[in-house]
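To keep things clear, I will list the structure first and then write my remarks on it.
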Amino acid sequence: MNGRKRWIGNASMADVVIIFARDEEDAKVKAFVMERNGDGSYPDGYHTEVITGKIGKRAILQPDITLEGLRVPADNRLTGCHSFKDVTRVLTSTRSGASWESLGHAMAAYEIAVDYAKTRHQFGKPIGSFQLVQNKLANMLAELTAMQLICFRLAVLAEDGRMTGPMASLAKMHTAQKARWICSEARDMLGGNGVLLENHVARHMTDMEVVSTYEGTDSIQSLLVGREITGFSAFS
């Protein structure tokens with residue numbers, strides 16, 4: 001196998017790497033399991049270089065991968081992957097997971113903002129007593145509740161085997177957008193203290209910048225949902 005891929009989490013340390021590659025014989029995408037050698041090294045032809053300088057998700061190492069004449073035994077092919085349609089089943093699952101991840105960041109940012117509003121005093125009283133702050137918190141809670149309902153419903157559909165790709169795309173698009181907004185509102189409410197790592201809001205905000213990108217950006221998700229709505233593909 002030959003090729004390149006960027007932003008693959010923990011691919012520089014994984015014991016098992018799943019590689020999706022297009023078979024030149026039939027132009028179909030297949031999946032292969034690449035394993036470390038017995039001595040812990042990687043097979044010849046598999047090279048990684050960790051990307052540095054990220055603003056978020058710094059706990060996860062994400063490298064560039066280069067495949068140069070990599071050989072994987074035929075027995076390591078995943079039998080259930082016959083084309084890119086099977087790959088989309090994986091994307092549906094991971095996009096659902098990213099929706100829950102967005103919800104978690106949003107909940108954390110909201111809870112931090114509520115606590116700050118109750119304990120931070122300005123002009124002799126808690127800032128939570130000001131109209132603008134209460135308006136922010138009310139709108140944050142409304143969006144957070146909508147995110148929770150979408151994620152809960154998606155989980156029920158997944159358990160019933162009825163979750164589809166467009167459903168997962170809709171959830172991922174909405175939750176990523178709203179989580180970024182909630183984190184931004186929380187950071188704004190904390191003022192200068194919002195950029196301090198000790199208050200955690202900035203960490204959730206920068207992590208959401210990463211979440212909004214992986215498993216498909218908002219633009220890609222919107223096109224997948226739009227195709228489901230209209231029956232027309234806007235992909236070139």
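Labels for the structure tokens follow display order: chains A, B, ..., residues from 1 in each chain, ligands from 1.
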Practice prompt. List the neighbours of A:Tyr116 out to 12 Å using only C-alpha atoms; skip same-chain residues closer than 4 positions along the sequence, and give me the result as number ranges by chain.
Written response: A: 109-112, 120-122, 126-129, 133, 137, 186-191, 193-194, 199-201
Output N, CA, C and O atoms of each residue in that selection to a file, as a tab-separated table (two decimals), in the first residue's frame.
```tsv
chain	number	residue	atom	x	y	z
A	109	ALA	N	-18.81	23.84	30.20
A	109	ALA	CA	-18.69	25.30	30.08
A	109	ALA	C	-19.88	26.00	30.73
A	109	ALA	O	-19.72	27.03	31.41
A	110	TYR	N	-21.06	25.45	30.53
A	110	TYR	CA	-22.26	26.04	31.14
A	110	TYR	C	-22.20	25.99	32.67
A	110	TYR	O	-22.49	26.98	33.35
A	111	GLU	N	-21.82	24.84	33.22
A	111	GLU	CA	-21.74	24.70	34.67
A	111	GLU	C	-20.70	25.64	35.28
A	111	GLU	O	-20.91	26.20	36.36
A	112	ILE	N	-19.58	25.82	34.58
A	112	ILE	CA	-18.56	26.75	35.05
A	112	ILE	C	-19.12	28.17	35.04
A	112	ILE	O	-18.90	28.95	35.99
A	120	ARG	N	-18.95	35.38	41.51
A	120	ARG	CA	-18.21	36.58	41.11
A	120	ARG	C	-19.02	37.82	41.44
A	120	ARG	O	-20.17	37.96	41.00
A	121	HIS	N	-18.47	38.74	42.25
A	121	HIS	CA	-19.17	39.95	42.66
A	121	HIS	C	-18.62	41.17	41.92
A	121	HIS	O	-17.40	41.34	41.79
A	122	GLN	N	-19.52	42.00	41.44
A	122	GLN	CA	-19.19	43.28	40.84
A	122	GLN	C	-20.22	44.30	41.34
A	122	GLN	O	-21.42	43.98	41.43
A	126	PRO	N	-23.51	39.67	43.20
A	126	PRO	CA	-23.11	38.66	42.22
A	126	PRO	C	-23.50	39.08	40.81
A	126	PRO	O	-24.59	39.65	40.62
A	127	ILE	N	-22.65	38.78	39.82
A	127	ILE	CA	-22.99	39.16	38.46
A	127	ILE	C	-24.19	38.37	37.95
A	127	ILE	O	-24.85	38.77	36.99
A	128	GLY	N	-24.51	37.26	38.62
A	128	GLY	CA	-25.69	36.49	38.26
A	128	GLY	C	-26.98	37.22	38.50
A	128	GLY	O	-28.04	36.78	38.02
A	129	SER	N	-26.94	38.33	39.22
A	129	SER	CA	-28.15	39.11	39.47
A	129	SER	C	-28.40	40.14	38.37
A	129	SER	O	-29.44	40.81	38.37
A	133	VAL	N	-26.52	38.83	32.20
A	133	VAL	CA	-25.94	37.53	32.56
A	133	VAL	C	-27.03	36.47	32.60
A	133	VAL	O	-26.85	35.35	32.10
A	137	LEU	N	-27.31	32.99	30.35
A	137	LEU	CA	-27.44	31.66	30.95
A	137	LEU	C	-28.72	30.96	30.48
A	137	LEU	O	-28.71	29.75	30.23
A	186	ALA	N	-19.58	31.31	27.61
A	186	ALA	CA	-19.02	31.12	28.94
A	186	ALA	C	-17.71	31.87	29.10
A	186	ALA	O	-17.46	32.52	30.12
A	187	ARG	N	-16.87	31.79	28.06
A	187	ARG	CA	-15.61	32.52	28.11
A	187	ARG	C	-15.86	34.03	28.21
A	187	ARG	O	-15.18	34.74	28.94
A	188	ASP	N	-16.86	34.52	27.48
A	188	ASP	CA	-17.20	35.95	27.52
A	188	ASP	C	-17.70	36.35	28.91
A	188	ASP	O	-17.36	37.42	29.42
A	189	MET	N	-18.48	35.49	29.53
A	189	MET	CA	-19.04	35.79	30.84
A	189	MET	C	-17.95	35.89	31.91
A	189	MET	O	-18.04	36.68	32.85
A	190	LEU	N	-16.91	35.10	31.76
A	190	LEU	CA	-15.82	35.13	32.73
A	190	LEU	C	-14.86	36.29	32.49
A	190	LEU	O	-13.95	36.51	33.30
A	191	GLY	N	-15.05	37.02	31.41
A	191	GLY	CA	-14.18	38.15	31.13
A	191	GLY	C	-12.73	37.70	30.97
A	191	GLY	O	-12.44	36.66	30.38
A	193	ASN	N	-10.83	36.44	33.13
A	193	ASN	CA	-10.61	35.16	33.80
A	193	ASN	C	-10.93	33.97	32.89
A	193	ASN	O	-10.53	32.85	33.16
A	194	GLY	N	-11.65	34.23	31.80
A	194	GLY	CA	-12.02	33.16	30.89
A	194	GLY	C	-10.86	32.61	30.11
A	194	GLY	O	-10.95	31.50	29.57
A	199	ASN	N	-9.45	28.08	35.03
A	199	ASN	CA	-10.92	28.13	34.98
A	199	ASN	C	-11.51	27.21	33.93
A	199	ASN	O	-12.74	27.08	33.84
A	200	HIS	N	-10.67	26.60	33.11
A	200	HIS	CA	-11.04	25.49	32.21
A	200	HIS	C	-11.89	25.87	31.00
A	200	HIS	O	-11.96	25.08	30.06
A	201	VAL	N	-12.54	27.01	31.03
A	201	VAL	CA	-13.41	27.35	29.89
A	201	VAL	C	-12.61	27.41	28.59
A	201	VAL	O	-13.06	26.92	27.55
```
Worksheet entry | Near-A:Ala179 list (7 Å; only C-alpha atoms; drop same-chain fewer than 4 positions) as a ChimeraX atom specification | /A:102-103,105-106,175,183
Kindly export the residues of the current selection with N, CA and C atoms, as a short mmCIF file (atom, residue, chain, number, x, y, z; two decimals), in the first residue's frame.
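Ended up saving to selection-v2.cif:
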```
data_model
loop_
_atom_site.label_atom_id
_atom_site.label_comp_id
_atom_site.auth_asym_id
_atom_site.auth_seq_id
_atom_site.Cartn_x
_atom_site.Cartn_y
_atom_site.Cartn_z
N SER A 102 -19.31 16.82 22.06
CA SER A 102 -19.68 18.23 22.02
C SER A 102 -20.59 18.58 23.19
N LEU A 103 -21.53 17.70 23.46
CA LEU A 103 -22.44 17.92 24.59
C LEU A 103 -21.67 18.01 25.90
N HIS A 105 -18.54 19.01 26.43
CA HIS A 105 -17.85 20.29 26.53
C HIS A 105 -18.83 21.41 26.83
N ALA A 106 -19.99 21.37 26.20
CA ALA A 106 -20.99 22.42 26.42
C ALA A 106 -21.50 22.40 27.86
N THR A 175 -24.77 19.87 17.30
CA THR A 175 -24.11 19.91 18.61
C THR A 175 -22.76 20.60 18.55
N CYS A 183 -19.51 27.51 24.68
CA CYS A 183 -18.16 27.72 25.23
C CYS A 183 -17.72 29.17 25.05
#
```
Worksheet item: Which residues in stretch 122-182 of chain A does DSSP call helix (DSSP H, G or I)? List them as JSON, numbers by chain.
Response: {"A": [127, 128, 129, 131, 132, 133, 134, 135, 136, 137, 138, 139, 140, 141, 142, 143, 144, 145, 146, 147, 148, 149, 150, 151, 152, 153, 154, 155, 156, 157, 158, 159, 165, 166, 167, 168, 169, 170, 171, 172, 173, 174, 175, 176, 177, 178, 179, 180, 181, 182]}
Export N, CA and C atoms of the chosen residues as a short mmCIF file (atom, residue, chain, number, x, y, z; two decimals), in the first residue's frame?
```
data_model
loop_
_atom_site.label_atom_id
_atom_site.label_comp_id
_atom_site.auth_asym_id
_atom_site.auth_seq_id
_atom_site.Cartn_x
_atom_site.Cartn_y
_atom_site.Cartn_z
N ILE A 127 -22.65 38.78 39.82
CA ILE A 127 -22.99 39.16 38.46
C ILE A 127 -24.19 38.37 37.95
N GLY A 128 -24.51 37.26 38.62
CA GLY A 128 -25.69 36.49 38.26
C GLY A 128 -26.98 37.22 38.50
N SER A 129 -26.94 38.33 39.22
CA SER A 129 -28.15 39.11 39.47
C SER A 129 -28.40 40.14 38.37
N GLN A 131 -29.24 41.43 34.53
CA GLN A 131 -30.14 40.95 33.48
C GLN A 131 -29.39 40.31 32.31
N LEU A 132 -28.31 40.94 31.86
CA LEU A 132 -27.59 40.40 30.70
C LEU A 132 -27.01 39.03 30.98
N VAL A 133 -26.52 38.83 32.20
CA VAL A 133 -25.94 37.53 32.56
C VAL A 133 -27.03 36.47 32.60
N GLN A 134 -28.18 36.80 33.19
CA GLN A 134 -29.27 35.83 33.24
C GLN A 134 -29.77 35.49 31.84
N ASN A 135 -29.80 36.49 30.95
CA ASN A 135 -30.20 36.24 29.58
C ASN A 135 -29.25 35.27 28.89
N LYS A 136 -27.94 35.45 29.11
CA LYS A 136 -26.95 34.54 28.54
C LYS A 136 -27.17 33.12 29.04
N LEU A 137 -27.31 32.99 30.35
CA LEU A 137 -27.44 31.66 30.95
C LEU A 137 -28.72 30.96 30.48
N ALA A 138 -29.80 31.73 30.35
CA ALA A 138 -31.06 31.13 29.91
C ALA A 138 -30.94 30.59 28.49
N ASN A 139 -30.31 31.36 27.61
CA ASN A 139 -30.14 30.90 26.23
C ASN A 139 -29.15 29.75 26.13
N MET A 140 -28.11 29.77 26.97
CA MET A 140 -27.16 28.66 26.99
C MET A 140 -27.87 27.38 27.41
N LEU A 141 -28.72 27.48 28.44
CA LEU A 141 -29.43 26.30 28.92
C LEU A 141 -30.41 25.78 27.88
N ALA A 142 -31.06 26.68 27.15
CA ALA A 142 -32.00 26.26 26.12
C ALA A 142 -31.29 25.44 25.04
N GLU A 143 -30.15 25.94 24.57
CA GLU A 143 -29.40 25.22 23.54
C GLU A 143 -28.82 23.91 24.09
N LEU A 144 -28.38 23.94 25.33
CA LEU A 144 -27.83 22.74 25.95
C LEU A 144 -28.90 21.66 26.06
N THR A 145 -30.11 22.05 26.44
CA THR A 145 -31.21 21.09 26.55
C THR A 145 -31.54 20.48 25.20
N ALA A 146 -31.54 21.30 24.15
CA ALA A 146 -31.80 20.79 22.80
C ALA A 146 -30.72 19.79 22.39
N MET A 147 -29.46 20.08 22.74
CA MET A 147 -28.37 19.16 22.43
C MET A 147 -28.57 17.83 23.16
N GLN A 148 -28.97 17.90 24.43
CA GLN A 148 -29.17 16.68 25.20
C GLN A 148 -30.27 15.82 24.58
N LEU A 149 -31.36 16.45 24.17
CA LEU A 149 -32.47 15.71 23.59
C LEU A 149 -32.07 15.04 22.27
N ILE A 150 -31.29 15.75 21.46
CA ILE A 150 -30.82 15.17 20.20
C ILE A 150 -29.93 13.96 20.46
N CYS A 151 -29.00 14.11 21.41
CA CYS A 151 -28.08 13.00 21.71
C CYS A 151 -28.81 11.80 22.31
N PHE A 152 -29.75 12.06 23.22
CA PHE A 152 -30.51 10.97 23.82
C PHE A 152 -31.33 10.23 22.75
N ARG A 153 -31.96 11.00 21.86
CA ARG A 153 -32.78 10.38 20.81
C ARG A 153 -31.90 9.57 19.86
N LEU A 154 -30.75 10.10 19.53
CA LEU A 154 -29.83 9.39 18.64
C LEU A 154 -29.39 8.07 19.28
N ALA A 155 -29.16 8.08 20.59
CA ALA A 155 -28.75 6.87 21.29
C ALA A 155 -29.85 5.81 21.24
N VAL A 156 -31.10 6.24 21.40
CA VAL A 156 -32.23 5.31 21.34
C VAL A 156 -32.33 4.70 19.94
N LEU A 157 -32.20 5.55 18.93
CA LEU A 157 -32.26 5.05 17.55
C LEU A 157 -31.11 4.08 17.26
N ALA A 158 -29.93 4.37 17.80
CA ALA A 158 -28.79 3.48 17.59
C ALA A 158 -29.03 2.13 18.24
N GLU A 159 -29.57 2.13 19.44
CA GLU A 159 -29.85 0.87 20.13
C GLU A 159 -30.90 0.05 19.38
N GLY A 165 -26.90 7.46 8.68
CA GLY A 165 -25.81 8.41 8.51
C GLY A 165 -26.27 9.86 8.56
N PRO A 166 -27.33 10.23 7.82
CA PRO A 166 -27.81 11.61 7.89
C PRO A 166 -28.26 12.03 9.29
N MET A 167 -28.82 11.11 10.05
CA MET A 167 -29.19 11.43 11.44
C MET A 167 -27.96 11.79 12.25
N ALA A 168 -26.92 10.99 12.12
CA ALA A 168 -25.68 11.26 12.84
C ALA A 168 -25.05 12.57 12.37
N SER A 169 -25.13 12.85 11.08
CA SER A 169 -24.58 14.10 10.54
C SER A 169 -25.33 15.30 11.09
N LEU A 170 -26.65 15.20 11.14
CA LEU A 170 -27.47 16.29 11.68
C LEU A 170 -27.11 16.56 13.13
N ALA A 171 -26.96 15.48 13.91
CA ALA A 171 -26.62 15.63 15.32
C ALA A 171 -25.23 16.23 15.50
N LYS A 172 -24.27 15.75 14.72
CA LYS A 172 -22.91 16.25 14.84
C LYS A 172 -22.83 17.72 14.44
N MET A 173 -23.51 18.09 13.36
CA MET A 173 -23.51 19.47 12.90
C MET A 173 -24.10 20.40 13.96
N HIS A 174 -25.26 20.04 14.48
CA HIS A 174 -25.95 20.90 15.44
C HIS A 174 -25.18 21.01 16.76
N THR A 175 -24.77 19.87 17.30
CA THR A 175 -24.11 19.91 18.61
C THR A 175 -22.76 20.60 18.55
N ALA A 176 -22.03 20.44 17.46
CA ALA A 176 -20.73 21.11 17.34
C ALA A 176 -20.92 22.62 17.26
N GLN A 177 -21.89 23.06 16.48
CA GLN A 177 -22.15 24.49 16.36
C GLN A 177 -22.56 25.09 17.69
N LYS A 178 -23.47 24.44 18.37
CA LYS A 178 -23.99 25.00 19.62
C LYS A 178 -22.98 24.89 20.75
N ALA A 179 -22.20 23.84 20.76
CA ALA A 179 -21.19 23.71 21.82
C ALA A 179 -20.13 24.80 21.68
N ARG A 180 -19.72 25.10 20.47
CA ARG A 180 -18.77 26.21 20.25
C ARG A 180 -19.36 27.51 20.76
N TRP A 181 -20.64 27.72 20.49
CA TRP A 181 -21.30 28.95 20.93
C TRP A 181 -21.40 29.03 22.46
N ILE A 182 -21.77 27.93 23.09
CA ILE A 182 -21.90 27.92 24.56
C ILE A 182 -20.55 28.16 25.21
#
```
Practice prompt. Could you pull out the residues in stretch 34-171 of chain A that DSSP calls strand (DSSP E or B) from the backbone, as a ChimeraX atom specification?
Written response: /A:34-35,46-50,63-67,77,121-122,125-126
Response to the item:
Atom pair atom CA of A:Gly45 + atom CA of A:Gly69, distance 5.4 Å
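If you count only C-alpha atoms and ignore residues fewer than 5 places along the chain from A:Val87, what sits within 9 Å of it is Phe20, Val29, Lys30, Ala31, Cys81, His82 and Thr92 of chain A.
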Worksheet item: Can you tell me, as a list in words, what residues are no more than 8 Å from stretch 56-62 of chain A when counting only C-alpha atoms, ignoring any on the same chain fewer than 6 positions away?
Response: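 Selected residues are Arg6, Trp7, Ile8, Gly9, Asn10, Ala11, Ser12, Val50, Arg203, Thr206, Asp207, Met208, Glu209 and Val210 of chain A.
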Taking all heavy atoms for each residue, export the selection above as an mmCIF file, in the first residue's frame.
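part32.cif, written as the output of this step:
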```cif
data_model
loop_
_atom_site.group_PDB
_atom_site.id
_atom_site.type_symbol
_atom_site.label_atom_id
_atom_site.label_comp_id
_atom_site.auth_asym_id
_atom_site.auth_seq_id
_atom_site.Cartn_x
_atom_site.Cartn_y
_atom_site.Cartn_z
ATOM 1 N N ARG A 6 -3.415 12.460 7.121
ATOM 2 C CA ARG A 6 -3.054 13.416 8.161
ATOM 3 C C ARG A 6 -4.086 13.384 9.293
ATOM 4 O O ARG A 6 -5.230 13.014 9.094
ATOM 5 C CB ARG A 6 -2.984 14.809 7.528
ATOM 6 C CG ARG A 6 -2.447 15.926 8.404
ATOM 7 C CD ARG A 6 -2.169 17.156 7.537
ATOM 8 N NE ARG A 6 -1.848 18.351 8.314
ATOM 9 C CZ ARG A 6 -0.648 18.634 8.787
ATOM 10 N NH1 ARG A 6 0.360 17.799 8.552
ATOM 11 N NH2 ARG A 6 -0.414 19.742 9.470
ATOM 12 N N TRP A 7 -3.649 13.742 10.493
ATOM 13 C CA TRP A 7 -4.527 13.890 11.657
ATOM 14 C C TRP A 7 -5.145 12.579 12.129
ATOM 15 O O TRP A 7 -6.332 12.517 12.442
ATOM 16 C CB TRP A 7 -5.648 14.914 11.372
ATOM 17 C CG TRP A 7 -5.174 16.293 11.120
ATOM 18 C CD1 TRP A 7 -5.219 16.969 9.934
ATOM 19 C CD2 TRP A 7 -4.569 17.199 12.063
ATOM 20 N NE1 TRP A 7 -4.688 18.228 10.079
ATOM 21 C CE2 TRP A 7 -4.278 18.397 11.379
ATOM 22 C CE3 TRP A 7 -4.240 17.101 13.426
ATOM 23 C CZ2 TRP A 7 -3.680 19.487 11.994
ATOM 24 C CZ3 TRP A 7 -3.640 18.194 14.035
ATOM 25 C CH2 TRP A 7 -3.378 19.368 13.333
ATOM 26 N N ILE A 8 -4.347 11.532 12.231
ATOM 27 C CA ILE A 8 -4.853 10.247 12.711
ATOM 28 C C ILE A 8 -4.432 10.058 14.170
ATOM 29 O O ILE A 8 -3.248 9.882 14.465
ATOM 30 C CB ILE A 8 -4.333 9.089 11.841
ATOM 31 C CG1 ILE A 8 -4.741 9.303 10.390
ATOM 32 C CG2 ILE A 8 -4.878 7.765 12.351
ATOM 33 C CD1 ILE A 8 -6.225 9.454 10.177
ATOM 34 N N GLY A 9 -5.413 10.098 15.059
ATOM 35 C CA GLY A 9 -5.138 10.066 16.489
ATOM 36 C C GLY A 9 -4.412 8.818 16.946
ATOM 37 O O GLY A 9 -4.848 7.696 16.664
ATOM 38 N N ASN A 10 -3.308 9.027 17.650
ATOM 39 C CA ASN A 10 -2.528 7.963 18.289
ATOM 40 C C ASN A 10 -1.946 6.940 17.306
ATOM 41 O O ASN A 10 -1.543 5.844 17.712
ATOM 42 C CB ASN A 10 -3.362 7.246 19.358
ATOM 43 C CG ASN A 10 -3.731 8.167 20.503
ATOM 44 O OD1 ASN A 10 -2.983 9.075 20.854
ATOM 45 N ND2 ASN A 10 -4.890 7.938 21.100
ATOM 46 N N ALA A 11 -1.880 7.300 16.041
ATOM 47 C CA ALA A 11 -1.340 6.363 15.046
ATOM 48 C C ALA A 11 0.159 6.159 15.189
ATOM 49 O O ALA A 11 0.714 5.241 14.585
ATOM 50 C CB ALA A 11 -1.649 6.868 13.637
ATOM 51 N N SER A 12 0.811 6.983 15.991
ATOM 52 C CA SER A 12 2.256 6.834 16.190
ATOM 53 C C SER A 12 2.584 5.889 17.339
ATOM 54 O O SER A 12 3.753 5.584 17.569
ATOM 55 C CB SER A 12 2.884 8.204 16.472
ATOM 56 O OG SER A 12 2.296 8.794 17.622
ATOM 57 N N VAL A 50 4.524 13.090 14.330
ATOM 58 C CA VAL A 50 3.513 13.737 15.165
ATOM 59 C C VAL A 50 3.408 15.220 14.822
ATOM 60 O O VAL A 50 4.411 15.931 14.697
ATOM 61 C CB VAL A 50 3.853 13.560 16.660
ATOM 62 C CG1 VAL A 50 2.877 14.360 17.537
ATOM 63 C CG2 VAL A 50 3.799 12.084 17.040
ATOM 64 N N ARG A 203 -10.000 25.815 27.790
ATOM 65 C CA ARG A 203 -9.651 24.455 27.358
ATOM 66 C C ARG A 203 -10.818 23.815 26.613
ATOM 67 O O ARG A 203 -10.630 23.196 25.552
ATOM 68 C CB ARG A 203 -9.277 23.603 28.574
ATOM 69 C CG ARG A 203 -8.976 22.157 28.233
ATOM 70 C CD ARG A 203 -8.373 21.443 29.439
ATOM 71 N NE ARG A 203 -9.271 21.418 30.575
ATOM 72 C CZ ARG A 203 -10.259 20.516 30.720
ATOM 73 N NH1 ARG A 203 -10.461 19.589 29.795
ATOM 74 N NH2 ARG A 203 -11.029 20.538 31.784
ATOM 75 N N THR A 206 -11.176 25.609 23.121
ATOM 76 C CA THR A 206 -10.206 25.203 22.099
ATOM 77 C C THR A 206 -10.387 23.740 21.709
ATOM 78 O O THR A 206 -10.177 23.374 20.543
ATOM 79 C CB THR A 206 -8.763 25.434 22.581
ATOM 80 O OG1 THR A 206 -8.568 24.797 23.860
ATOM 81 C CG2 THR A 206 -8.472 26.914 22.724
ATOM 82 N N ASP A 207 -10.787 22.902 22.651
ATOM 83 C CA ASP A 207 -11.079 21.513 22.287
ATOM 84 C C ASP A 207 -12.249 21.446 21.312
ATOM 85 O O ASP A 207 -12.261 20.616 20.397
ATOM 86 C CB ASP A 207 -11.395 20.688 23.536
ATOM 87 C CG ASP A 207 -10.144 20.189 24.241
ATOM 88 O OD1 ASP A 207 -9.033 20.476 23.751
ATOM 89 O OD2 ASP A 207 -10.272 19.515 25.281
ATOM 90 N N MET A 208 -13.239 22.324 21.511
ATOM 91 C CA MET A 208 -14.379 22.327 20.592
ATOM 92 C C MET A 208 -13.984 22.799 19.202
ATOM 93 O O MET A 208 -14.608 22.406 18.215
ATOM 94 C CB MET A 208 -15.510 23.202 21.140
ATOM 95 C CG MET A 208 -16.510 22.457 22.009
ATOM 96 S SD MET A 208 -17.110 20.900 21.296
ATOM 97 C CE MET A 208 -17.706 21.420 19.686
ATOM 98 N N GLU A 209 -12.966 23.618 19.112
ATOM 99 C CA GLU A 209 -12.477 24.004 17.784
ATOM 100 C C GLU A 209 -11.978 22.773 17.035
ATOM 101 O O GLU A 209 -12.085 22.691 15.805
ATOM 102 C CB GLU A 209 -11.348 25.035 17.917
ATOM 103 C CG GLU A 209 -11.808 26.406 18.360
ATOM 104 C CD GLU A 209 -12.788 27.019 17.382
ATOM 105 O OE1 GLU A 209 -12.541 26.954 16.156
ATOM 106 O OE2 GLU A 209 -13.810 27.554 17.840
ATOM 107 N N VAL A 210 -11.441 21.813 17.780
ATOM 108 C CA VAL A 210 -10.965 20.576 17.169
ATOM 109 C C VAL A 210 -12.138 19.655 16.842
ATOM 110 O O VAL A 210 -12.228 19.108 15.742
ATOM 111 C CB VAL A 210 -9.960 19.856 18.091
ATOM 112 C CG1 VAL A 210 -9.453 18.576 17.434
ATOM 113 C CG2 VAL A 210 -8.801 20.778 18.437
#
```
Discussion item. Please list as a ChimeraX atom specification every residue within 10 Å of A:Glu215, counting only C-alpha atoms and excluding residues in the same chain fewer than 4 positions away.
Written reply: /A:91-98,169,172,211,220-221
Please dump the current selection as a compact mmCIF listing (two decimals), in the first residue's frame; keep all heavy atoms.
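Result went into part-v3.txt, see below:
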```txt
# COMPACT_ATOMS: atom_id res chain seq x y z
N LEU A 91 -18.19 5.92 10.06
CA LEU A 91 -18.35 7.36 10.22
C LEU A 91 -19.65 7.70 10.94
O LEU A 91 -19.70 8.64 11.73
CB LEU A 91 -18.30 8.04 8.85
CG LEU A 91 -16.96 7.98 8.13
CD1 LEU A 91 -17.09 8.54 6.72
CD2 LEU A 91 -15.89 8.74 8.91
N THR A 92 -20.69 6.95 10.66
CA THR A 92 -21.96 7.19 11.36
C THR A 92 -21.79 7.02 12.85
O THR A 92 -22.28 7.82 13.65
CB THR A 92 -23.05 6.22 10.83
OG1 THR A 92 -23.29 6.50 9.46
CG2 THR A 92 -24.34 6.38 11.61
N SER A 93 -21.08 5.98 13.25
CA SER A 93 -20.85 5.72 14.67
C SER A 93 -19.97 6.79 15.31
O SER A 93 -20.27 7.29 16.39
CB SER A 93 -20.21 4.34 14.86
OG SER A 93 -19.92 4.09 16.21
N THR A 94 -18.90 7.17 14.62
CA THR A 94 -17.98 8.15 15.20
C THR A 94 -18.60 9.55 15.25
O THR A 94 -18.31 10.33 16.15
CB THR A 94 -16.66 8.20 14.42
OG1 THR A 94 -16.92 8.46 13.03
CG2 THR A 94 -15.91 6.88 14.55
N ARG A 95 -19.44 9.88 14.28
CA ARG A 95 -20.12 11.17 14.32
C ARG A 95 -21.12 11.23 15.46
O ARG A 95 -21.30 12.27 16.09
CB ARG A 95 -20.81 11.44 12.98
CG ARG A 95 -19.82 11.83 11.89
CD ARG A 95 -20.40 11.77 10.50
NE ARG A 95 -19.38 12.16 9.52
CZ ARG A 95 -19.44 11.91 8.23
NH1 ARG A 95 -20.49 11.27 7.73
NH2 ARG A 95 -18.46 12.29 7.43
N SER A 96 -21.75 10.12 15.74
CA SER A 96 -22.63 10.05 16.91
C SER A 96 -21.83 10.28 18.18
O SER A 96 -22.24 11.04 19.07
CB SER A 96 -23.32 8.68 16.96
OG SER A 96 -24.03 8.52 18.16
N GLY A 97 -20.66 9.66 18.28
CA GLY A 97 -19.81 9.84 19.45
C GLY A 97 -19.34 11.27 19.60
O GLY A 97 -19.27 11.81 20.71
N ALA A 98 -19.02 11.93 18.47
CA ALA A 98 -18.57 13.32 18.51
C ALA A 98 -19.69 14.24 18.99
O ALA A 98 -19.42 15.29 19.60
CB ALA A 98 -18.08 13.75 17.13
N SER A 169 -25.13 12.85 11.08
CA SER A 169 -24.58 14.10 10.54
C SER A 169 -25.33 15.30 11.09
O SER A 169 -24.74 16.33 11.43
CB SER A 169 -24.64 14.09 9.01
OG SER A 169 -23.72 13.18 8.47
N LYS A 172 -24.27 15.75 14.72
CA LYS A 172 -22.91 16.25 14.84
C LYS A 172 -22.83 17.72 14.44
O LYS A 172 -22.17 18.53 15.10
CB LYS A 172 -21.98 15.40 13.97
CG LYS A 172 -20.51 15.45 14.38
CD LYS A 172 -19.77 16.63 13.81
CE LYS A 172 -18.31 16.65 14.25
NZ LYS A 172 -17.54 17.73 13.63
N VAL A 211 -13.05 19.49 17.80
CA VAL A 211 -14.19 18.60 17.60
C VAL A 211 -15.02 19.03 16.40
O VAL A 211 -15.53 18.20 15.64
CB VAL A 211 -15.08 18.55 18.86
CG1 VAL A 211 -16.32 17.68 18.61
CG2 VAL A 211 -14.30 18.00 20.05
N ILE A 220 -19.53 19.85 5.57
CA ILE A 220 -19.72 18.50 5.04
C ILE A 220 -20.99 17.87 5.59
O ILE A 220 -21.78 17.25 4.85
CB ILE A 220 -18.50 17.61 5.34
CG1 ILE A 220 -17.28 18.08 4.54
CG2 ILE A 220 -18.80 16.14 5.06
CD1 ILE A 220 -17.46 17.96 3.04
N GLN A 221 -21.21 18.02 6.90
CA GLN A 221 -22.42 17.45 7.49
C GLN A 221 -23.67 18.05 6.86
O GLN A 221 -24.67 17.35 6.61
CB GLN A 221 -22.45 17.70 9.01
CG GLN A 221 -21.23 17.26 9.78
CD GLN A 221 -20.91 15.79 9.66
OE1 GLN A 221 -21.71 14.99 9.20
NE2 GLN A 221 -19.71 15.41 10.07
```
Worksheet entry | For atom CA of A:Pro43 and atom CA of A:Leu70, the interatomic separation in Å (one decimal) |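 So the answer is 7.2 Å.
Taking only C-alpha atoms into account, A:Ile51 lies nearest to A:Pro63 out of the set A:Pro63, A:Gly231, A:Gly104, A:Gly80.
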Worksheet item: With only C-alpha atoms as the basis for distance, which of A:Gly192, A:His204, A:Thr164, A:Glu35 is at the shortest distance from A:Glu228?
Response: A:Thr164
Item to complete: Measure the distance from atom CA of A:Asp64 to atom CA of A:Ala21 in Å and round it to one decimal.
Response: 16.1 Å
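Here the question is which of A:Met13, A:Leu67, A:Val114, A:Met34 gets nearest to A:Met1 using only C-alpha atoms, and that residue is A:Leu67.
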